[in-house]
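Written out below as structure tokens is the structure these notes cover.
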Amino acid sequence: MKEMPPILSDATVSPPDARGRFGAYGGRFVPETLIPALDELERSWKEARADPRYREELTELLRTYAGRPTPLFRADRLAKALGLSGRVYLKREDLLHTGAHKLNNTLGQALLAKRMGKRRVIAETGAGQHGVATATVCALLGLECIVYMGTEDVRRQSPNVVRMKLLGAEVRSVDAGSRTLKDAMNEAIRDWVTNVRTTYYCIGSAAGPHPYPVMVRELQKIIGEEVAEQIAGAEGRLPDAVVACVGGGSNAIGALHRFVREPSVTLYGVEAAGHGLESGKHGASLAKGRPGVLHGSRSYVLQTEDGQIAEAHSISAGLDYPGVGPELSHLRDQGRLTVLSATDTEALQAFQTLARSEGILCALESAHAIAALPRVRGGLIVVNLSGRGDKDLGTVIEALK
Ligand SMILES: *Cc1c(COP(=O)(O)O)cnc(C)c1O
């Protein structure tokens with residue numbers, strides 16, 4: 001049987017300080033009424049993390065339900081098609097149940113909710129991917145699930161709405177503001193404030209107020225820990241570079257965290273350049289944002305001149321987010337994270353190149369990481385393939401017309 005490294009290993013580098021700060025980023029910028037709920041969450045998370053029964057239950061589900069460990073695949077034909085001289089390996093998170101890395105996080109959080117005696121789980125979703133991952137684990141564990149989603153997103157992402165409903169979740173459309181993710185976020189927070197005793201708020205990326213960024217990081221870091229073991233088996237050494245796309249930052253910090261203290265490994269985060277970094281229509285918070293507060297914590301945020309949150313744009317719904325988690329913000333400032341970007345057009349091209357060279361239809365988010373490969377240095381490169389592309393076929397067909 002395939003082995004997976006221990007879940008929630010103690011190999012934790014760069015922890016946040018006691019207030020949940022990663023350097024100048026992170027913390028808690030929330031209504032006063034939520035502080036006790038965040039304190040309770042932090043306490044419960046620390047207990048669960050240290051409890052062998054919680055780890056065993058999570059490990060067992062990751063193995064038998066989600067499909068961990070995911071394979072590490074040597075993509076020689078892709079390397080050739082891109083004209084690269086070195087070797088490229090793909091970490092196949094697209095093969096995880098529900099088709100992306102998001103389940104690593106929602107499984108861990110739903111088990112925590114159950115442990116805390118909270119049988120009502122709420123989430124907010126933009127593209128619907130986190131909503132589906134949350135609805136999935138709530139069905140699995142018999143928890144009530146309510147997903148907030150802007151009416152505009154409900155319209156654009158109707159297949160995911162159908163999926164959530166089939167999984168037994170209630171989808172509440174939010175008809176306020178721009179009717180997208182940030183409005184859904186506000187509604188979810190309002191719900192949490194009102195129902196905090198019975199309700200668990202499941203956040204989908206390594207973002208939000210402390211302790212969410214560190215908790216999500218801990219649940220996702222298994223990706224990089226598996227990579228380290230698998231590449232040691234295949235090549236007898238660490239990779240020269242690890243590459244991941246960056247939306248909120250959960251698949252990236254999950255893939256990169258294991259290597260932060262390995263100076264020989266260059267860490268790359270690839271953001272959505274949309275129509276181009278100078279077009280104003282992109283999702284490149286680390287490259288083009290400024291420090292600010294979004295979703296309860298301080299990080300790089302896309303803002304207008306007068307400090308309003310700017311709209312993000314990307315062909316991939318999962319990268320269409322105006323912020324990024326605090327830990328990646330800090331790694332960027334330290335110079336430890338190299339920030340690259342890929343445009344919509346480049347991502348579409350990379351999507352097709354990967355399909356034809358290796359027979360893999362990847363998510364458009366992950367295609368950004370593939371697109372950046374010609375700009376990545378090193379003879380041994382690992383790319384995190386965060387998800388599969390079935391969800392994006394409509395977008396791809398439309399864009400290729
Ligand atoms: C949601 C999603 C992303 C972006 O989210 P991160 O938190 O940045 O990982 C990337 N890829 C896929 C396939 C996704 O579903």
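Convention: chains lettered A, B, ... in structure tokens order; per-chain residue numbering from 1; ligands numbered from 1 as shown.
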Residues flagged alpha helix (DSSP H) by DSSP in segment 21-129 of chain A, as a PDB file with C-alpha atoms, in the first residue's frame:
ATOM      1  CA  ILE A  35     -13.090  37.453  19.190  1.00  0.00           C
ATOM      2  CA  PRO A  36     -14.406  34.849  21.694  1.00  0.00           C
ATOM      3  CA  ALA A  37     -15.397  32.583  18.782  1.00  0.00           C
ATOM      4  CA  LEU A  38     -11.912  32.870  17.255  1.00  0.00           C
ATOM      5  CA  ASP A  39     -10.370  32.188  20.678  1.00  0.00           C
ATOM      6  CA  GLU A  40     -12.545  29.087  21.060  1.00  0.00           C
ATOM      7  CA  LEU A  41     -11.571  27.958  17.562  1.00  0.00           C
ATOM      8  CA  GLU A  42      -7.880  28.465  18.256  1.00  0.00           C
ATOM      9  CA  ARG A  43      -8.075  26.503  21.517  1.00  0.00           C
ATOM     10  CA  SER A  44     -10.018  23.643  19.906  1.00  0.00           C
ATOM     11  CA  TRP A  45      -7.675  23.521  16.943  1.00  0.00           C
ATOM     12  CA  LYS A  46      -4.593  23.303  19.192  1.00  0.00           C
ATOM     13  CA  GLU A  47      -6.184  20.456  21.170  1.00  0.00           C
ATOM     14  CA  ALA A  48      -7.283  18.583  18.049  1.00  0.00           C
ATOM     15  CA  ARG A  49      -3.906  19.017  16.389  1.00  0.00           C
ATOM     16  CA  ALA A  50      -2.203  17.418  19.380  1.00  0.00           C
ATOM     17  CA  PRO A  52      -3.695  11.305  18.162  1.00  0.00           C
ATOM     18  CA  ARG A  53      -7.355  10.321  17.652  1.00  0.00           C
ATOM     19  CA  TYR A  54      -8.058  13.428  15.571  1.00  0.00           C
ATOM     20  CA  ARG A  55      -4.918  12.830  13.505  1.00  0.00           C
ATOM     21  CA  GLU A  56      -5.764   9.171  12.977  1.00  0.00           C
ATOM     22  CA  GLU A  57      -9.321   9.911  11.900  1.00  0.00           C
ATOM     23  CA  LEU A  58      -8.141  12.592   9.479  1.00  0.00           C
ATOM     24  CA  THR A  59      -5.341  10.409   8.131  1.00  0.00           C
ATOM     25  CA  GLU A  60      -7.729   7.517   7.549  1.00  0.00           C
ATOM     26  CA  LEU A  61     -10.222   9.698   5.654  1.00  0.00           C
ATOM     27  CA  ASP A  76       8.809  14.482 -19.898  1.00  0.00           C
ATOM     28  CA  ARG A  77       6.605  15.266 -22.878  1.00  0.00           C
ATOM     29  CA  LEU A  78       5.402  18.474 -21.219  1.00  0.00           C
ATOM     30  CA  ALA A  79       8.997  19.520 -20.532  1.00  0.00           C
ATOM     31  CA  LYS A  80       9.846  18.865 -24.170  1.00  0.00           C
ATOM     32  CA  ALA A  81       6.772  20.698 -25.476  1.00  0.00           C
ATOM     33  CA  LYS A 102      -9.532  21.940  -1.314  1.00  0.00           C
ATOM     34  CA  LEU A 103     -10.733  18.700   0.296  1.00  0.00           C
ATOM     35  CA  ASN A 104      -7.543  18.469   2.437  1.00  0.00           C
ATOM     36  CA  ASN A 105      -8.740  21.581   4.223  1.00  0.00           C
ATOM     37  CA  THR A 106     -12.497  20.974   4.443  1.00  0.00           C
ATOM     38  CA  LEU A 107     -12.016  17.434   5.779  1.00  0.00           C
ATOM     39  CA  GLY A 108      -9.813  18.715   8.581  1.00  0.00           C
ATOM     40  CA  GLN A 109     -12.147  21.581   9.440  1.00  0.00           C
ATOM     41  CA  ALA A 110     -15.344  19.493   9.335  1.00  0.00           C
ATOM     42  CA  LEU A 111     -13.792  16.931  11.689  1.00  0.00           C
ATOM     43  CA  LEU A 112     -12.896  19.827  13.959  1.00  0.00           C
ATOM     44  CA  ALA A 113     -16.467  21.200  13.807  1.00  0.00           C
ATOM     45  CA  LYS A 114     -17.801  17.815  14.841  1.00  0.00           C
ATOM     46  CA  ARG A 115     -15.342  17.613  17.730  1.00  0.00           C
ATOM     47  CA  GLN A 129     -15.281  25.018  -5.543  1.00  0.00           C
TER      48      GLN A 129
END
Please extract the residues at most 6 Å from ligand 1, counting only C-alpha atoms and all ligand atoms, and provide them as a list in words, using the chain letters and residue numbers of this document.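 So the residues close to ligand 1 are Ala100, Gln129, Ser205, Val246, Gly247, Gly248, Gly249, Ser250, Asn251, Ala252, Gly318, Leu319, Ala363, Glu365, Ser366, Ser386 and Gly387 of chain A.
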Next, dump the selected residues to file, keeping only N, CA, C and O atoms, as a PDB file, in the first residue's frame.
ATOM      1  N   ALA A 100      -9.676  18.576  -6.602  1.00  0.00           N
ATOM      2  CA  ALA A 100      -8.748  19.655  -6.250  1.00  0.00           C
ATOM      3  C   ALA A 100      -8.258  19.464  -4.815  1.00  0.00           C
ATOM      4  O   ALA A 100      -8.788  18.639  -4.066  1.00  0.00           O
ATOM      5  N   GLN A 129     -16.150  26.169  -5.819  1.00  0.00           N
ATOM      6  CA  GLN A 129     -15.281  25.018  -5.543  1.00  0.00           C
ATOM      7  C   GLN A 129     -15.182  24.734  -4.045  1.00  0.00           C
ATOM      8  O   GLN A 129     -15.259  23.587  -3.618  1.00  0.00           O
ATOM      9  N   SER A 205      -9.461  29.168   2.176  1.00  0.00           N
ATOM     10  CA  SER A 205      -8.081  29.366   1.762  1.00  0.00           C
ATOM     11  C   SER A 205      -7.244  29.757   2.977  1.00  0.00           C
ATOM     12  O   SER A 205      -7.781  29.917   4.079  1.00  0.00           O
ATOM     13  N   VAL A 246      -1.381  30.944  -7.301  1.00  0.00           N
ATOM     14  CA  VAL A 246      -1.786  31.645  -6.082  1.00  0.00           C
ATOM     15  C   VAL A 246      -3.120  32.348  -6.282  1.00  0.00           C
ATOM     16  O   VAL A 246      -3.237  33.270  -7.098  1.00  0.00           O
ATOM     17  N   GLY A 247      -4.133  31.893  -5.552  1.00  0.00           N
ATOM     18  CA  GLY A 247      -5.397  32.631  -5.453  1.00  0.00           C
ATOM     19  C   GLY A 247      -5.395  33.254  -4.073  1.00  0.00           C
ATOM     20  O   GLY A 247      -4.823  34.304  -3.835  1.00  0.00           O
ATOM     21  N   GLY A 248      -6.025  32.558  -3.109  1.00  0.00           N
ATOM     22  CA  GLY A 248      -5.908  32.954  -1.708  1.00  0.00           C
ATOM     23  C   GLY A 248      -4.600  32.438  -1.118  1.00  0.00           C
ATOM     24  O   GLY A 248      -4.120  32.943  -0.112  1.00  0.00           O
ATOM     25  N   GLY A 249      -4.058  31.394  -1.732  1.00  0.00           N
ATOM     26  CA  GLY A 249      -2.741  30.917  -1.331  1.00  0.00           C
ATOM     27  C   GLY A 249      -2.689  29.561  -0.657  1.00  0.00           C
ATOM     28  O   GLY A 249      -1.619  29.155  -0.192  1.00  0.00           O
ATOM     29  N   SER A 250      -3.801  28.797  -0.635  1.00  0.00           N
ATOM     30  CA  SER A 250      -3.754  27.551   0.148  1.00  0.00           C
ATOM     31  C   SER A 250      -3.008  26.423  -0.547  1.00  0.00           C
ATOM     32  O   SER A 250      -2.260  25.689   0.094  1.00  0.00           O
ATOM     33  N   ASN A 251      -3.178  26.258  -1.872  1.00  0.00           N
ATOM     34  CA  ASN A 251      -2.416  25.180  -2.508  1.00  0.00           C
ATOM     35  C   ASN A 251      -0.937  25.552  -2.563  1.00  0.00           C
ATOM     36  O   ASN A 251      -0.066  24.695  -2.440  1.00  0.00           O
ATOM     37  N   ALA A 252      -0.663  26.859  -2.701  1.00  0.00           N
ATOM     38  CA  ALA A 252       0.734  27.295  -2.757  1.00  0.00           C
ATOM     39  C   ALA A 252       1.434  27.076  -1.419  1.00  0.00           C
ATOM     40  O   ALA A 252       2.486  26.430  -1.369  1.00  0.00           O
ATOM     41  N   GLY A 318     -10.999  30.538  -9.617  1.00  0.00           N
ATOM     42  CA  GLY A 318     -10.318  30.360  -8.331  1.00  0.00           C
ATOM     43  C   GLY A 318      -9.192  31.354  -8.080  1.00  0.00           C
ATOM     44  O   GLY A 318      -8.719  31.482  -6.957  1.00  0.00           O
ATOM     45  N   LEU A 319      -8.743  32.056  -9.115  1.00  0.00           N
ATOM     46  CA  LEU A 319      -7.678  33.056  -8.925  1.00  0.00           C
ATOM     47  C   LEU A 319      -8.240  34.477  -8.960  1.00  0.00           C
ATOM     48  O   LEU A 319      -7.500  35.449  -8.834  1.00  0.00           O
ATOM     49  N   ALA A 363      -7.100  22.175 -14.227  1.00  0.00           N
ATOM     50  CA  ALA A 363      -7.879  23.375 -13.925  1.00  0.00           C
ATOM     51  C   ALA A 363      -7.180  24.598 -14.526  1.00  0.00           C
ATOM     52  O   ALA A 363      -5.951  24.626 -14.632  1.00  0.00           O
ATOM     53  N   GLU A 365      -6.772  27.347 -13.117  1.00  0.00           N
ATOM     54  CA  GLU A 365      -5.897  27.877 -12.068  1.00  0.00           C
ATOM     55  C   GLU A 365      -4.505  27.247 -12.216  1.00  0.00           C
ATOM     56  O   GLU A 365      -3.489  27.944 -12.320  1.00  0.00           O
ATOM     57  N   SER A 366      -4.481  25.905 -12.230  1.00  0.00           N
ATOM     58  CA  SER A 366      -3.206  25.182 -12.310  1.00  0.00           C
ATOM     59  C   SER A 366      -2.466  25.488 -13.607  1.00  0.00           C
ATOM     60  O   SER A 366      -1.221  25.463 -13.644  1.00  0.00           O
ATOM     61  N   SER A 386      -3.021  21.866  -8.997  1.00  0.00           N
ATOM     62  CA  SER A 386      -3.994  21.996  -7.901  1.00  0.00           C
ATOM     63  C   SER A 386      -5.347  21.376  -8.188  1.00  0.00           C
ATOM     64  O   SER A 386      -6.061  20.984  -7.270  1.00  0.00           O
ATOM     65  N   GLY A 387      -5.737  21.276  -9.468  1.00  0.00           N
ATOM     66  CA  GLY A 387      -7.073  20.730  -9.728  1.00  0.00           C
ATOM     67  C   GLY A 387      -7.261  20.274 -11.159  1.00  0.00           C
ATOM     68  O   GLY A 387      -6.431  20.543 -12.027  1.00  0.00           O
TER      69      GLY A 387
END
Could you jot down the atom CA of Thr199 of chain A to atom CA of His130 of chain A separation for me, Å, one decimal place? 17.4 Å
Point-to-point distance in Å for atom CA of Asp320 of chain A and atom CA of Ser14 of chain A: 27.1 Å
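Distance annotation: of A:Leu267, A:Val137, A:Ala350, A:Val382, the residue with the minimal separation from Leu331 of chain A is A:Leu267; atom set is only C-alpha atoms.
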May I ask which of the residues A:Ala284, A:Leu328, A:Leu393, A:Ala355 is the closest one to Ala342 of chain A, counting only C-alpha atoms?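 Between A:Ala284, A:Leu328, A:Leu393, A:Ala355, the residue approaching Ala342 of chain A most closely is A:Ala284.
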Restricting the calculation to only C-alpha atoms: of A:Leu62, A:Leu337, A:Val376, A:Ala347, which residue gets closest to Pro6 of chain A? A:Leu62
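Within segment 27-175 of chain A, DSSP applied to the backbone places the following residues in strand (DSSP E or B): Leu72, Phe73, Arg74, Arg87, Val88, Tyr89, Leu90, Lys91, Arg92, Ala100, Arg120, Val121, Ile122, Ala123, Glu124, Glu144, Cys145, Ile146, Val147, Tyr148, Met149, Gly150, Glu170, Val171, Arg172, Ser173 and Val174 of chain A.
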Mind dumping the selected residues with N, CA and C atoms as an mmCIF file, in the first residue's frame?
data_model
loop_
_atom_site.group_PDB
_atom_site.id
_atom_site.type_symbol
_atom_site.label_atom_id
_atom_site.label_comp_id
_atom_site.auth_asym_id
_atom_site.auth_seq_id
_atom_site.Cartn_x
_atom_site.Cartn_y
_atom_site.Cartn_z
ATOM 1 N N LEU A 72 3.104 11.632 -7.790
ATOM 2 C CA LEU A 72 4.020 12.621 -8.362
ATOM 3 C C LEU A 72 4.443 12.049 -9.715
ATOM 4 N N PHE A 73 4.144 12.772 -10.784
ATOM 5 C CA PHE A 73 4.308 12.238 -12.139
ATOM 6 C C PHE A 73 5.389 13.002 -12.899
ATOM 7 N N ARG A 74 6.303 12.239 -13.520
ATOM 8 C CA ARG A 74 7.375 12.872 -14.293
ATOM 9 C C ARG A 74 6.860 13.179 -15.696
ATOM 10 N N ARG A 87 14.108 18.439 -15.846
ATOM 11 C CA ARG A 87 12.969 17.554 -15.627
ATOM 12 C C ARG A 87 11.869 18.268 -14.856
ATOM 13 N N VAL A 88 10.620 17.905 -15.202
ATOM 14 C CA VAL A 88 9.451 18.492 -14.543
ATOM 15 C C VAL A 88 8.593 17.375 -13.966
ATOM 16 N N TYR A 89 8.207 17.524 -12.700
ATOM 17 C CA TYR A 89 7.269 16.586 -12.077
ATOM 18 C C TYR A 89 5.981 17.322 -11.728
ATOM 19 N N LEU A 90 4.846 16.628 -11.894
ATOM 20 C CA LEU A 90 3.549 17.201 -11.537
ATOM 21 C C LEU A 90 3.032 16.535 -10.272
ATOM 22 N N LYS A 91 2.680 17.330 -9.261
ATOM 23 C CA LYS A 91 2.032 16.797 -8.065
ATOM 24 C C LYS A 91 0.536 16.787 -8.353
ATOM 25 N N ARG A 92 -0.047 15.590 -8.371
ATOM 26 C CA ARG A 92 -1.383 15.404 -8.939
ATOM 27 C C ARG A 92 -2.508 15.611 -7.928
ATOM 28 N N ALA A 100 -9.676 18.576 -6.602
ATOM 29 C CA ALA A 100 -8.748 19.655 -6.250
ATOM 30 C C ALA A 100 -8.258 19.464 -4.815
ATOM 31 N N ARG A 120 -23.708 22.621 12.650
ATOM 32 C CA ARG A 120 -24.121 23.489 11.556
ATOM 33 C C ARG A 120 -22.859 24.142 10.995
ATOM 34 N N VAL A 121 -22.595 23.915 9.697
ATOM 35 C CA VAL A 121 -21.386 24.455 9.074
ATOM 36 C C VAL A 121 -21.790 25.467 8.019
ATOM 37 N N ILE A 122 -21.168 26.649 8.054
ATOM 38 C CA ILE A 122 -21.415 27.640 7.011
ATOM 39 C C ILE A 122 -20.118 27.898 6.244
ATOM 40 N N ALA A 123 -20.281 28.304 4.999
ATOM 41 C CA ALA A 123 -19.127 28.648 4.171
ATOM 42 C C ALA A 123 -19.584 29.706 3.185
ATOM 43 N N GLU A 124 -18.619 30.413 2.592
ATOM 44 C CA GLU A 124 -18.957 31.290 1.479
ATOM 45 C C GLU A 124 -18.127 30.825 0.307
ATOM 46 N N GLU A 144 -25.059 19.702 9.000
ATOM 47 C CA GLU A 144 -25.862 20.635 8.211
ATOM 48 C C GLU A 144 -24.919 21.609 7.504
ATOM 49 N N CYS A 145 -25.236 21.956 6.245
ATOM 50 C CA CYS A 145 -24.312 22.809 5.482
ATOM 51 C C CYS A 145 -25.060 23.938 4.781
ATOM 52 N N ILE A 146 -24.623 25.164 5.025
ATOM 53 C CA ILE A 146 -25.213 26.328 4.378
ATOM 54 C C ILE A 146 -24.107 27.097 3.670
ATOM 55 N N VAL A 147 -24.295 27.328 2.384
ATOM 56 C CA VAL A 147 -23.253 27.998 1.603
ATOM 57 C C VAL A 147 -23.785 29.323 1.067
ATOM 58 N N TYR A 148 -23.091 30.404 1.386
ATOM 59 C CA TYR A 148 -23.446 31.728 0.869
ATOM 60 C C TYR A 148 -22.717 31.981 -0.439
ATOM 61 N N MET A 149 -23.460 32.524 -1.402
ATOM 62 C CA MET A 149 -22.891 32.738 -2.731
ATOM 63 C C MET A 149 -23.604 33.937 -3.363
ATOM 64 N N GLY A 150 -22.851 34.860 -3.930
ATOM 65 C CA GLY A 150 -23.452 36.015 -4.594
ATOM 66 C C GLY A 150 -24.351 35.576 -5.751
ATOM 67 N N GLU A 170 -27.639 23.699 1.608
ATOM 68 C CA GLU A 170 -28.537 24.792 1.253
ATOM 69 C C GLU A 170 -27.672 25.918 0.697
ATOM 70 N N VAL A 171 -28.008 26.390 -0.505
ATOM 71 C CA VAL A 171 -27.255 27.492 -1.096
ATOM 72 C C VAL A 171 -28.079 28.768 -0.928
ATOM 73 N N ARG A 172 -27.536 29.742 -0.217
ATOM 74 C CA ARG A 172 -28.233 31.019 -0.012
ATOM 75 C C ARG A 172 -27.612 32.074 -0.921
ATOM 76 N N SER A 173 -28.388 32.580 -1.872
ATOM 77 C CA SER A 173 -27.835 33.604 -2.755
ATOM 78 C C SER A 173 -27.880 34.958 -2.075
ATOM 79 N N VAL A 174 -26.820 35.702 -2.300
ATOM 80 C CA VAL A 174 -26.671 37.008 -1.664
ATOM 81 C C VAL A 174 -26.824 38.090 -2.726
#
Let me make sure I understand: among A:Gly208, A:Gly378, A:Gly131, A:Gly274, which one has the smallest atom-to-atom distance to Val293 of chain A if we use only C-alpha atoms? A:Gly208
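Between atom CA of Lys118 of chain A and atom CA of Thr198 of chain A there is a distance of 5.0 Å.
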When you count only C-alpha atoms, which of these residues is closest to Leu256 of chain A: A:Gln220, A:Thr64, A:Ser9, A:Thr151?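 Checking each candidate against Leu256 of chain A, we get A:Gln220 as the closest.
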So that I can check the surroundings of Val270 of chain A, please list as a count of residues only every protein, DNA and RNA residue that reaches within 9 Å of it, counting only C-alpha atoms and ignoring chain neighbours fewer than 2 positions away. 19
